[in-house]
Number of protein chains: 2
Amino acid sequence: MKKVSISDIARKAGVSVSTVSFVMNDKAVKMRISREVIEKVENVAREMGYRPNQLARGLRTGKTKTIGLIVENISNAFFATLAKTIEDEAKKYDYKVVYCSTDNDEEKARELINMLSQRQVDGYIITPTQHLAEDIRRLQAESKPVVLIDRYFPQHEEIPAVLVDNYEGVAQGTEFLLGKGYRKIALVTIEAEMAHMKDRLRAYYDVMARHGDAVEERLVKVVPYQFDREMALKEIKNLLSGTDAPDAVFFLTNYLGVLGIEAIKDLEIKIPEQLAVLCFDDNDIFRLYNPTISVIRQPIEEIGQKAMFALIERLKHTGTGVYPEDKPVKLAAELIPRQSI
Amino acid sequence: MKKVSISDIARKAGVSVSTVSFVMNDKAVKMRISREVIEKVENVAREMGYRPNQLARGLRTGKTKTIGLIVENISNAFFATLAKTIEDEAKKYDYKVVYCSTDNDEEKARELINMLSQRQVDGYIITPTQHLAEDIRRLQAESKPVVLIDRYFPQHEEIPAVLVDNYEGVAQGTEFLLGKGYRKIALVTIEAEMAHMKDRLRAYYDVMARHGDAVEERLVKVVPYQFDREMALKEIKNLLSGTDAPDAVFFLTNYLGVLGIEAIKDLEIKIPEQLAVLCFDDNDIFRLYNPTISVIRQPIEEIGQKAMFALIERLKHTGTGVYPEDKPVKLAAELIPRQSI
DNA sequence: GTTCTACGCTAAAACGATTTAGTCCTTATC
DNA sequence: GATAAGGACTAAATCGTTTTAGCGTAGAAC
């Protein structure tokens, strides 16, 4: 049993394909198709279970009503929530989203852009990796709208982006720890190749300096980009134990925090008596852990909504020459104090 | 700047589109295109950055090299891992996967099938909801291969499925608890509308009966299908507290377990001294929680691989009339004892 | 009686690929 | 010297839609 096409409907209803097309696209009235014919066609289409072929439609119209979403890793809670929000938001505007993960691999990101481009998505929401600016400019040159999320290229103001204010978030967290009287504040971060991570790191240094506490470099642990789980665990344990151990630790990402919890658990360090813990970006585990872990919460839903809105605006305006303002948008983070401080 | 099409390449290279097509599809030799022309075309294509339009290609060939993956909820750890495995596996066979979540909603599932069907995916891997068998039969009638995962329709042996042996898994877990001397074993499950959950529940009853322990119905908590978080939390707390509280609890799903942990934490019940805890299906939280929580682990990777393999087999054989055997496949679960018992 | 307009619909081109059936040269065969 | 047999390509149909231009008829206008 083959799929039914528009011409099957036309044949069975005794009309032309054009007529069927008009009826199916609610253009029947505009094209002054008669009541009877409209009903006839609708009935036949329903009976035969007609579903228009989106490939053909997309080929003809140049629009697929699909947007491509590229995130770092869809199984990470942060990106999963973001993806969900974006999908829900897209649905409101009658767009479908197809998502994929880069695993933070530059080459893979490029491949994904290519794949989505070949599949003719109408627009892109991308969590970029390093060195992706050129590829994104190329999409823009093909007049495909792109909005970045979570990360941005400071030197490319013409690429719109929606992200949390990383600098403010970490500054706020560091101030909070200092305010609570902690002095030896350790920091665990990932190799900062992109601006958003550099902003986070810079905030820590700035705040510490502002309080007259020069940062002790031994307290800053930079985990390499593509890290080995066991290796990283060992390094964090190293940082947190020993004679002159820190009295607080600030993890700059979600998964580093989870790793940190594991390290602290293995070392049997008491939170918060021996060590205060703060993490950038929330996670189910932090809410449930015993004790609960304080976090800097990113406004995930807001990021998703704003990004989608920005994209839709651009989608509406493609070809009109009228463009919404670009420039990255930074949203406020929120400190959520829990038992770990 | 518009996208370059095959005819742009043809024009620039001074050959016909057919020739370009042959070269791009490695059929040049078979079509005895000369060395020089091949190189010429390849160079022009590279220079102009030609990427074939997959819509056009799919329309013409009837194959999109895409498979549709429908899961319950992509932000759930179990499905996220499954999706990742399936995606990796698909890549080996040169297929792309587009995934979407039903949120366990029958209507949404149907819509998703429709959407994927309109987009002409070549095959489906589906975590079905109730009453979806007919819709799936319809796909099969259109000779689109389908493989179910995680769930199945016992009354439809002609729909292939790959899942864990739910009955064996829960039986093993219950035996284990009994073997450790626990007698008042509570059970928390979700309203069992589909076979896989019925199997789990039945295993518990069977094993209890086999040991001569008739199940006390007050120890079995069935959380309604679309549950309210706070409500469910309260009910679980009810079950676990009071004068004649259970000495062990078995959560039949991942997210019920997480909810349970939260309840137990709120009640300040000591694990495992006051209450032993076991959960069907693993989760990061269980590995990290203090104490660590014992689980029945599903062989997620194996499910993904076997499902993908089964689908590929069917994809290869579509139209040949030769079909691989159907019938659901059940894989062994593994008990992972941790501190909670 | 011819020309207009409106009505209700259809023909055909177009989107960008793939693929079948040629076409037009050479060169080989008898 | 006519025919056959490659060799190296190309023309055109096709996939399933959308959309523009147009066609035939009927009644209105002059």
# chains A, B, ... in the order shown; residues from 1 in each chain; ligands from 1
>>> closest_atom_pairs(of="chain B", to="chain A", cutoff="9 Å", atoms="only C-alpha atoms", output="CSV")
residue,atom,partner,partner_atom,distance
B:Met1,CA,A:Glu142,CA,5.3
B:Lys2,CA,A:Glu142,CA,5.6
B:Lys3,CA,A:Glu142,CA,6.6
B:Arg51,CA,A:Gln118,CA,6.2
B:Pro52,CA,A:Gln118,CA,6.3
B:Asn53,CA,A:Gln118,CA,5.2
B:Gln54,CA,A:Arg119,CA,5.3
B:Leu55,CA,A:Leu55,CA,5.0
B:Ala56,CA,A:Leu59,CA,6.2
B:Gly58,CA,A:Leu55,CA,7.0
B:Leu59,CA,A:Leu55,CA,6.0
B:Ile74,CA,A:Ala80,CA,7.3
B:Ser75,CA,A:Ala80,CA,5.1
B:Asn76,CA,A:Ser75,CA,8.2
B:Ala77,CA,A:Ser75,CA,6.8
B:Phe79,CA,A:Ser75,CA,8.8
B:Ala80,CA,A:Ser75,CA,5.1
B:Thr81,CA,A:Ser75,CA,6.9
B:Ala83,CA,A:Ser75,CA,8.9
B:Lys84,CA,A:Ser75,CA,7.9
B:Val98,CA,A:Val98,CA,6.1
B:Tyr99,CA,A:Val98,CA,7.2
B:Cys100,CA,A:Val98,CA,8.4
B:Asn114,CA,A:Arg51,CA,7.9
B:Met115,CA,A:Gln54,CA,9.0
B:Ser117,CA,A:Arg51,CA,8.3
B:Gln118,CA,A:Asn53,CA,5.2
B:Arg119,CA,A:Gln54,CA,5.2
B:Gln120,CA,A:Asn53,CA,7.2
B:Ala141,CA,A:Met1,CA,6.1
B:Glu142,CA,A:Met1,CA,5.3
B:Ser143,CA,A:Met1,CA,7.4
B:Val258,CA,A:Leu288,CA,8.5
B:Ile261,CA,A:Leu288,CA,7.8
B:Glu262,CA,A:Leu288,CA,6.4
B:Lys265,CA,A:Asn290,CA,8.0
B:Asp284,CA,A:Ile285,CA,8.1
B:Ile285,CA,A:Ile285,CA,5.9
B:Leu288,CA,A:Glu262,CA,6.4
B:Tyr289,CA,A:Tyr289,CA,6.3
B:Asn290,CA,A:Asn290,CA,6.9
>>> write_last_selection(atoms="N, CA and C atoms", output="compact mmCIF listing (two decimals), in the first residue's frame")
# COMPACT_ATOMS: atom_id res chain seq x y z
N MET B 1 23.09 36.21 -1.48
CA MET B 1 23.80 35.03 -2.00
C MET B 1 22.93 33.79 -1.84
N LYS B 2 22.53 33.22 -2.94
CA LYS B 2 21.68 32.04 -2.89
C LYS B 2 22.53 30.78 -2.80
N LYS B 3 21.85 29.72 -2.44
CA LYS B 3 22.53 28.43 -2.40
C LYS B 3 22.83 27.95 -3.81
N ARG B 51 26.33 21.72 -1.86
CA ARG B 51 25.76 20.70 -0.95
C ARG B 51 24.43 20.30 -1.53
N PRO B 52 24.29 19.06 -1.92
CA PRO B 52 23.01 18.64 -2.53
C PRO B 52 21.82 18.90 -1.62
N ASN B 53 20.75 19.32 -2.19
CA ASN B 53 19.50 19.57 -1.47
C ASN B 53 18.83 18.24 -1.13
N GLN B 54 18.77 17.96 0.15
CA GLN B 54 18.25 16.64 0.55
C GLN B 54 16.75 16.51 0.32
N LEU B 55 16.06 17.63 0.26
CA LEU B 55 14.63 17.55 0.00
C LEU B 55 14.42 17.00 -1.41
N ALA B 56 15.13 17.61 -2.34
CA ALA B 56 15.01 17.20 -3.74
C ALA B 56 15.43 15.75 -3.90
N GLY B 58 15.53 13.42 -1.63
CA GLY B 58 14.57 12.54 -0.99
C GLY B 58 13.30 12.39 -1.81
N LEU B 59 12.89 13.47 -2.40
CA LEU B 59 11.68 13.44 -3.21
C LEU B 59 11.85 12.49 -4.38
N ILE B 74 12.69 13.13 26.29
CA ILE B 74 14.12 13.14 25.98
C ILE B 74 14.94 13.71 27.13
N SER B 75 14.33 14.44 28.06
CA SER B 75 15.15 14.98 29.15
C SER B 75 15.26 14.00 30.32
N ASN B 76 14.60 12.86 30.19
CA ASN B 76 14.79 11.80 31.18
C ASN B 76 16.09 11.05 30.85
N ALA B 77 16.89 10.80 31.90
CA ALA B 77 18.22 10.22 31.70
C ALA B 77 18.17 8.93 30.89
N PHE B 79 16.01 7.86 28.61
CA PHE B 79 15.76 8.06 27.19
C PHE B 79 16.86 8.87 26.51
N ALA B 80 17.47 9.76 27.28
CA ALA B 80 18.57 10.54 26.70
C ALA B 80 19.71 9.60 26.32
N THR B 81 20.03 8.68 27.22
CA THR B 81 21.11 7.73 26.93
C THR B 81 20.74 6.84 25.76
N ALA B 83 18.69 7.51 23.36
CA ALA B 83 18.71 8.30 22.13
C ALA B 83 20.14 8.47 21.63
N LYS B 84 21.03 8.73 22.56
CA LYS B 84 22.44 8.91 22.20
C LYS B 84 22.99 7.64 21.56
N VAL B 98 16.04 11.87 13.84
CA VAL B 98 15.38 13.04 14.42
C VAL B 98 14.49 12.54 15.54
N TYR B 99 14.63 13.15 16.73
CA TYR B 99 13.90 12.62 17.86
C TYR B 99 12.90 13.58 18.47
N CYS B 100 11.89 13.00 19.09
CA CYS B 100 10.85 13.80 19.71
C CYS B 100 10.20 13.05 20.86
N ASN B 114 2.59 11.23 12.58
CA ASN B 114 2.16 11.94 11.38
C ASN B 114 3.22 12.87 10.85
N MET B 115 3.77 13.63 11.76
CA MET B 115 4.78 14.60 11.37
C MET B 115 5.97 13.91 10.72
N SER B 117 6.00 11.00 9.38
CA SER B 117 5.56 10.37 8.14
C SER B 117 5.52 11.40 7.01
N GLN B 118 5.03 12.59 7.31
CA GLN B 118 5.00 13.64 6.30
C GLN B 118 6.41 14.04 5.86
N ARG B 119 7.33 13.90 6.81
CA ARG B 119 8.70 14.25 6.48
C ARG B 119 9.44 13.07 5.86
N GLN B 120 8.70 12.01 5.61
CA GLN B 120 9.19 10.86 4.86
C GLN B 120 10.39 10.17 5.48
N ALA B 141 1.94 -1.06 7.10
CA ALA B 141 1.19 -1.28 5.85
C ALA B 141 1.76 -0.43 4.72
N GLU B 142 2.29 0.73 5.07
CA GLU B 142 2.95 1.57 4.06
C GLU B 142 4.38 1.08 3.82
N SER B 143 4.68 -0.09 4.31
CA SER B 143 6.02 -0.69 4.32
C SER B 143 7.10 0.22 4.87
N VAL B 258 13.46 8.90 42.15
CA VAL B 258 13.96 10.23 42.48
C VAL B 258 12.98 10.94 43.42
N ILE B 261 13.33 9.41 46.85
CA ILE B 261 14.49 9.92 47.57
C ILE B 261 14.13 11.23 48.25
N GLU B 262 13.44 12.06 47.51
CA GLU B 262 13.06 13.36 48.05
C GLU B 262 12.15 13.18 49.27
N LYS B 265 14.12 11.82 52.21
CA LYS B 265 14.95 12.90 52.73
C LYS B 265 14.13 13.83 53.62
N ASP B 284 22.03 8.91 37.54
CA ASP B 284 23.19 9.56 38.17
C ASP B 284 22.98 9.79 39.65
N ILE B 285 21.77 10.24 39.95
CA ILE B 285 21.48 10.59 41.34
C ILE B 285 21.65 9.39 42.26
N LEU B 288 25.22 8.80 43.08
CA LEU B 288 25.87 9.86 43.85
C LEU B 288 25.27 10.06 45.22
N TYR B 289 24.04 9.67 45.39
CA TYR B 289 23.35 9.99 46.63
C TYR B 289 24.07 9.35 47.82
N ASN B 290 23.80 9.91 48.97
CA ASN B 290 24.44 9.45 50.18
C ASN B 290 23.39 8.91 51.13
>>> residues_around(residues="DC9 of chain D", least_positions_apart="4", cutoff="10 Å", atoms="only C-alpha atoms (C1' of nucleotides)", output="list in words")
Val15, Ser16, Ser18, Thr19, Met31, Arg32, Ile33 and Ser34 of chain B; DT23 and DC24 of chain C
>>> write_last_selection(atoms="C-alpha atoms (C1' of nucleotides)", output="short mmCIF file (atom, residue, chain, number, x, y, z; two decimals), in the first residue's frame")
data_model
loop_
_atom_site.label_atom_id
_atom_site.label_comp_id
_atom_site.auth_asym_id
_atom_site.auth_seq_id
_atom_site.Cartn_x
_atom_site.Cartn_y
_atom_site.Cartn_z
CA VAL B 15 28.54 19.88 -18.62
CA SER B 16 25.01 18.59 -18.11
CA SER B 18 23.30 14.41 -15.29
CA THR B 19 27.04 14.38 -15.47
CA MET B 31 28.90 5.92 -16.49
CA ARG B 32 32.35 6.19 -18.03
CA ILE B 33 32.80 9.86 -17.45
CA SER B 34 36.37 10.83 -18.33
"C1'" DT C 23 22.65 10.60 -29.25
"C1'" DC C 24 26.73 11.29 -31.58
#
>>> closest_residue(among="A:Arg229, A:Arg183, A:Lys63, A:Lys40", to="chain C", atoms="only C-alpha atoms (C1' of nucleotides)")
A:Lys63
>>> atom_distance(atom1="atom CA of Pro299 of chain A", atom2="atom CA of Ala333 of chain A")
6.4 Å
>>> interface_residues(of="chain D", to="chain A", cutoff="7 Å", atoms="only C-alpha atoms (C1' of nucleotides)", output="list in words")
DG16, DT17 and DT18 of chain D
>>> atom_distance(atom1="atom CA of Ile125 of chain A", atom2="atom CA of Glu107 of chain B")
27.7 Å
>>> residues_around(residues="DT3 of chain C", least_positions_apart="2", cutoff="12 Å", atoms="only C-alpha atoms (C1' of nucleotides)", output="VMD selection string")
(chain C and resid 1 5) or (chain D and resid 28 to 30)
>>> write_last_selection(atoms="C-alpha atoms (C1' of nucleotides)", output="PDB file, in the first residue's frame")
ATOM      1  C1'  DG C   1     -24.179  41.414 -31.945  1.00  0.00           C
ATOM      2  C1'  DT C   5     -16.490  40.844 -16.367  1.00  0.00           C
TER       3       DT C   5
ATOM      4  C1'  DA D  28     -24.183  42.226 -18.358  1.00  0.00           C
ATOM      5  C1'  DA D  29     -23.210  46.349 -20.829  1.00  0.00           C
ATOM      6  C1'  DC D  30     -23.209  49.076 -24.853  1.00  0.00           C
TER       7       DC D  30
END
>>> closest_atom_pairs(of="chain C", to="chain A", cutoff="7 Å", atoms="only C-alpha atoms (C1' of nucleotides)", output="JSON lines")
{"residue": "C:DG8", "atom": "C1'", "partner": "A:Ile33", "partner_atom": "CA", "distance": 6.1}
{"residue": "C:DT10", "atom": "C1'", "partner": "A:Ser16", "partner_atom": "CA", "distance": 6.2}
{"residue": "C:DC15", "atom": "C1'", "partner": "A:Arg60", "partner_atom": "CA", "distance": 4.4}
>>> atom_distance(atom1="atom CA of Ile271 of chain B", atom2="atom CA of Ile341 of chain B")
7.8 Å
